[in-house]
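K.L.:
Can you read through this structure? Questions will come right after.
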2 protein chains.
Amino acid sequence: MITKRSAPRSTPNRLDRRSVLASLATLPAWPGLIGTAAAQAQTAPLASWNDGPARRAILEFVRVTTDQASPGFVPPEERIATFDQDGTLWVEQPAYAQLIYCFDRVPALVKTKPELANVEPFKTVLSGNREAIAKLPMDDMEKIAVATLSGMSVGEFESQVKAWLATARHPRWQRPYTELSYQPMQEVLQYLRANGYKTYIVTGGGQAFVRVFSEQVYGIPPEQVVGSMGGVSFGYGNDGKPVLTKDPKLLLNDDHAGKPEGIYLMIGRRPRAAFGNSIGDQQMLEYTKAGNGARLSMLVLHDDAQREYAYGPANGLPDSRVGTFTQALYDEAKSQGWSVISMKNDWKRIFSFEQ
Amino acid sequence: MITKRSAPRSTPNRLDRRSVLASLATLPAWPGLIGTAAAQAQTAPLASWNDGPARRAILEFVRVTTDQASPGFVPPEERIATFDQDGTLWVEQPAYAQLIYCFDRVPALVKTKPELANVEPFKTVLSGNREAIAKLPMDDMEKIAVATLSGMSVGEFESQVKAWLATARHPRWQRPYTELSYQPMQEVLQYLRANGYKTYIVTGGGQAFVRVFSEQVYGIPPEQVVGSMGGVSFGYGNDGKPVLTKDPKLLLNDDHAGKPEGIYLMIGRRPRAAFGNSIGDQQMLEYTKAGNGARLSMLVLHDDAQREYAYGPANGLPDSRVGTFTQALYDEAKSQGWSVISMKNDWKRIFSFEQ
């Protein structure tokens with residue numbers, strides 16, 4: 001009775017070689033503190049949003065689902081809202097932050113395993129030859145991801161990510177990645193939480209990676225981060241104490257069809273509201289919207305080259321795959337009653353550091 | 001640097017053939033309503049507990065971790081408490097409720113797949129020949145579990161479990177299983193929540209099975225149930241709507257070492273308090289206790305044959321494996337500063353329906 005569409009499954013980090021190179025080419029390693037786009041008290045809800053259909057859709061959804069007199073009222077325990085991260089809550093161009101992280105970790109990795117210095121693809125990464133790095137095939141990219149994201153204890157991994165976040169800078173804004181969350185989306189998170197919604201990140205990126213900063217950056221605790229999940233193994237250290245070690249095994253590829261699957265496994269309830277920006281979010285938005293009662297599915301459209309980036313259908317090529325927001329996804333949004341957020345028109349400002 | 005003890009991994013449902021038989025032999029199928037051992041307002045905390053080291057350990061742990069002036073103070077967001085279910089929150093004898101469920105589902109399963117009527121082990125289960133059923137080997141038990149727990153949509157599964165809960169009765173008390181939660185443990189759940197703790201179930205049983213009733217029975221929402229996890233697949237039904245289907249694939253065996261692994265994957269924080277009753281909980285209690293600051297690890301000892309059951313070390317055989325609470329576990333508890341709860345001595349009453 002059920003037919004399965006074979007949804008395209010990408011690797012957890014959705015590697016894009018051109019983007020990686022672009023970012024690596026310009027990425028300095030400055031010391032600094034981890035920035036925070038922490039919640040700020042708002043005088044009015046969604047203050048960084050212009051009045052328009054997107055802002056009104058959010059306000060109306062909250063009104064309908066929280067007003068006890070409304071037929072769309074949702075009991076507090078069922079108020080679940082899910083958010084993609086890359087490109088929805090923070091900048092994903094010119095490359096996913098986690099991918100930069102993996103490349104940046106290679107020198108430290110080789111220090112602990114000197115035998116890798118002469119083994120590909122690590123040798124090429126260490127060479128600094130950007131042309132050669134750009135030519136690395138996809139399975140070499142995956143080798144780098146596996147080598148830098150597994151094999152250590154979960155505590156060591158957390159320390160490594162924290163150290164990177166403290167020094168890494170985005171090539172365009174020269175700021176920590178943690179300062180590059182979208183202020184209007186921070187306001188959506190706050191507004192939904194103020195109205196009894198539990199907010200979740202549902203990311204194709206690594207669950208363990210995002211958990212390191214999700215509470216500080218988004219006010220979302222680790223238990224509310226659903227992401228691509230590597231296995232962990234319980235064991236005992238030399239001191240006899242329990243240790244959890246990150247395995248190279250992928251348990252859940254939390255992208256495309258994996259997003260509603262991950263939501264079921266980790267949350268066990270269908271979201272009332274879901275936010276995404278790419279074809280990796282399509283099934284999550286479909287699944288959310290297919291529930292009964294009031295549901296909100298929204299897509300962030302990157303159409304602001306001046307203040308951020310313009311890619312996907314916004315770049316004027318109807319079938320463009322420059323980004324992962326295809327024309328087909330745009331058309332589905334329009335026909336299915338999802339809201340499309342125009343960064344250019346709907347957002348007064350992009351980042352909290354802008355006035 | 002890390003050595004792995006190969007912890008014994010049992011099947012998710014830890015099948016026990018003798019117990020199954022004992023239960024099947026006496027299990028009538030009476031219609032009825034799902035009972036609830038819902039939270040009741042308590043005049044004093046832990047009112048169903050006798051004064052003693054176990055009750056005092058809980059009160060002291062809460063005092064130390066919630067008093068801002070205490071060096072053991074724990075910020076609210078880090079207050080995580082995890083509870084095994086079978087034998088810790090509700091009765092597990094003479095057989096796990098979920099195992100009874102699987103056997104009880106076989107006739108309905110054969111109705112939808114008549115070809116199974118003449119296929120083993122389904123043929124034997126249908127025969128009602130208890131002696132033959134008792135002799136079914138373990139892999140036949142697993143076939144029954146797979147056939148009754150996967151292949152349907154997640155919505156169909158939920159309906160099937162609800163229908164069973166409404167009619168199934170425990171052979172000894174002739175009450176719905178949902179009425180057989182331990183009143184003193186309900187009070188621990190309530191007391192911890194009243195003090196800012198997030199309470200989780202961490203069960204070797206099926207996550208999807210327990211989620212059906214966890215909110216009603218324990219006040220624990222589905223997103224706070226960690227259990228043995230089968231895969232799910234996203235697809236589209238004949239109406240074009242998204243459907244999640246339960247797969248026969250096991251993603252996480254949430255027992256023994258799988259418990260701290262599941263906690264890491266689903267919660268991402270080490271518990272401050274953990275409660276169990278068997279060797280399946282050993283690693284969770286070790287992991288909890290190994291954290292810094294105040295930690296509470298507790299084991300329920302079934303030593304009350306009159307009001308419930310006596311098994312494990314309580315049955316007087318030091319190396320007994322009648323239950324899964326071994327003498328070695330008891331000794332570890334004593335040497336590691338875990339608290340052992342004596343049902344006989346520490347609990348004034350076992351169930352909410354007792355006065």
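By order of appearance in the structure tokens: chains A, B, ..., then residues from 1 within every chain, and ligands from 1 in the order shown.
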Give as a ChimeraX atom specification every residue of chain A that touches chain B within 7 Å, counting only C-alpha atoms.
P.N.:
/A:1-5,222-223,232-238,241-242,251,257,260-261,266-268,286-287,290
K.L.:
DSSP on the backbone, then: every residue of segment 139-296 of chain B marked strand (DSSP E), written as number ranges by chain.
P.N.:
B: 198-206, 225-236, 242-252, 273-276, 296
K.L.:
One decimal, in Å: what's the spacing between atom CA of Tyr191 of chain B and atom CA of Glu308 of chain B?
P.N.:
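Between these atoms lies a distance of 23.6 Å.
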K.L.:
Set the distance at 12 Å and use only C-alpha atoms: which residues neighbour Glu354 of chain B once local chain neighbours fewer than 2 positions away are removed? I'd like the list as a PDB file with N, CA, C and O atoms, in the first residue's frame.
P.N.:
```
ATOM      1  N   ALA B  37      -2.097   5.110  36.718  1.00  0.00           N
ATOM      2  CA  ALA B  37      -1.532   5.377  38.037  1.00  0.00           C
ATOM      3  C   ALA B  37      -1.026   6.808  38.023  1.00  0.00           C
ATOM      4  O   ALA B  37       0.109   7.096  38.314  1.00  0.00           O
ATOM      5  N   SER B  48       4.755   7.205  50.293  1.00  0.00           N
ATOM      6  CA  SER B  48       4.609   5.742  50.354  1.00  0.00           C
ATOM      7  C   SER B  48       5.912   5.046  50.743  1.00  0.00           C
ATOM      8  O   SER B  48       6.024   3.822  50.641  1.00  0.00           O
ATOM      9  N   TRP B 173      -2.857  -9.987  39.299  1.00  0.00           N
ATOM     10  CA  TRP B 173      -3.734  -8.959  39.868  1.00  0.00           C
ATOM     11  C   TRP B 173      -5.020  -8.752  39.068  1.00  0.00           C
ATOM     12  O   TRP B 173      -5.883  -8.025  39.495  1.00  0.00           O
ATOM     13  N   GLU B 179      -1.878  -0.264  35.404  1.00  0.00           N
ATOM     14  CA  GLU B 179      -2.145   0.001  36.828  1.00  0.00           C
ATOM     15  C   GLU B 179      -1.065  -0.584  37.720  1.00  0.00           C
ATOM     16  O   GLU B 179      -1.107  -0.411  38.931  1.00  0.00           O
ATOM     17  N   LEU B 180      -0.119  -1.290  37.105  1.00  0.00           N
ATOM     18  CA  LEU B 180       0.866  -2.014  37.909  1.00  0.00           C
ATOM     19  C   LEU B 180       2.201  -1.287  37.992  1.00  0.00           C
ATOM     20  O   LEU B 180       3.262  -1.904  38.108  1.00  0.00           O
ATOM     21  N   SER B 181       2.146   0.035  37.925  1.00  0.00           N
ATOM     22  CA  SER B 181       3.358   0.791  38.214  1.00  0.00           C
ATOM     23  C   SER B 181       3.473   0.920  39.731  1.00  0.00           C
ATOM     24  O   SER B 181       2.480   0.863  40.451  1.00  0.00           O
ATOM     25  N   TYR B 182       4.716   1.078  40.178  1.00  0.00           N
ATOM     26  CA  TYR B 182       4.973   1.126  41.618  1.00  0.00           C
ATOM     27  C   TYR B 182       4.698   2.535  42.150  1.00  0.00           C
ATOM     28  O   TYR B 182       5.332   3.508  41.721  1.00  0.00           O
ATOM     29  N   GLN B 183       3.774   2.625  43.079  1.00  0.00           N
ATOM     30  CA  GLN B 183       3.407   3.926  43.632  1.00  0.00           C
ATOM     31  C   GLN B 183       4.625   4.666  44.221  1.00  0.00           C
ATOM     32  O   GLN B 183       4.778   5.863  43.975  1.00  0.00           O
ATOM     33  N   PRO B 184       5.512   3.999  44.959  1.00  0.00           N
ATOM     34  CA  PRO B 184       6.674   4.738  45.488  1.00  0.00           C
ATOM     35  C   PRO B 184       7.550   5.324  44.376  1.00  0.00           C
ATOM     36  O   PRO B 184       8.107   6.419  44.528  1.00  0.00           O
ATOM     37  N   ARG B 307       3.874  -9.236  48.644  1.00  0.00           N
ATOM     38  CA  ARG B 307       3.167  -8.137  47.988  1.00  0.00           C
ATOM     39  C   ARG B 307       3.484  -8.044  46.492  1.00  0.00           C
ATOM     40  O   ARG B 307       2.733  -7.453  45.729  1.00  0.00           O
ATOM     41  N   TRP B 347       9.171   0.265  51.129  1.00  0.00           N
ATOM     42  CA  TRP B 347       7.910   0.723  50.536  1.00  0.00           C
ATOM     43  C   TRP B 347       6.715   0.376  51.427  1.00  0.00           C
ATOM     44  O   TRP B 347       6.473  -0.799  51.738  1.00  0.00           O
ATOM     45  N   LYS B 348       5.946   1.400  51.788  1.00  0.00           N
ATOM     46  CA  LYS B 348       4.729   1.191  52.582  1.00  0.00           C
ATOM     47  C   LYS B 348       3.674   0.445  51.784  1.00  0.00           C
ATOM     48  O   LYS B 348       2.928  -0.370  52.299  1.00  0.00           O
ATOM     49  N   ARG B 349       3.571   0.817  50.536  1.00  0.00           N
ATOM     50  CA  ARG B 349       2.673   0.085  49.649  1.00  0.00           C
ATOM     51  C   ARG B 349       3.339  -0.013  48.282  1.00  0.00           C
ATOM     52  O   ARG B 349       4.267   0.738  47.968  1.00  0.00           O
ATOM     53  N   ILE B 350       2.845  -0.944  47.482  1.00  0.00           N
ATOM     54  CA  ILE B 350       3.468  -1.188  46.176  1.00  0.00           C
ATOM     55  C   ILE B 350       2.691  -0.453  45.073  1.00  0.00           C
ATOM     56  O   ILE B 350       3.280   0.192  44.219  1.00  0.00           O
ATOM     57  N   PHE B 351       1.362  -0.562  45.103  1.00  0.00           N
ATOM     58  CA  PHE B 351       0.539  -0.030  44.015  1.00  0.00           C
ATOM     59  C   PHE B 351      -0.408   1.054  44.539  1.00  0.00           C
ATOM     60  O   PHE B 351      -0.746   1.083  45.727  1.00  0.00           O
ATOM     61  N   SER B 352      -0.854   1.888  43.629  1.00  0.00           N
ATOM     62  CA  SER B 352      -1.739   2.986  44.042  1.00  0.00           C
ATOM     63  C   SER B 352      -3.107   2.464  44.482  1.00  0.00           C
ATOM     64  O   SER B 352      -3.799   3.129  45.252  1.00  0.00           O
TER      65      SER B 352
END
```
K.L.:
Using only C-alpha atoms for the distances, tell me which of A:Glu131, A:Glu156, A:Asp84, A:Asp346 is nearest to Asp254 of chain A.
P.N.:
A:Asp84
K.L.:
Leaving out Ala294 of chain B and any residue of its chain fewer than 4 positions from it, which residues lie within 7 Å of it when counting only C-alpha atoms, given as a list in words?
P.N.:
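Residues meeting the cut-off are Phe61, Thr65 and Gly72 of chain B.
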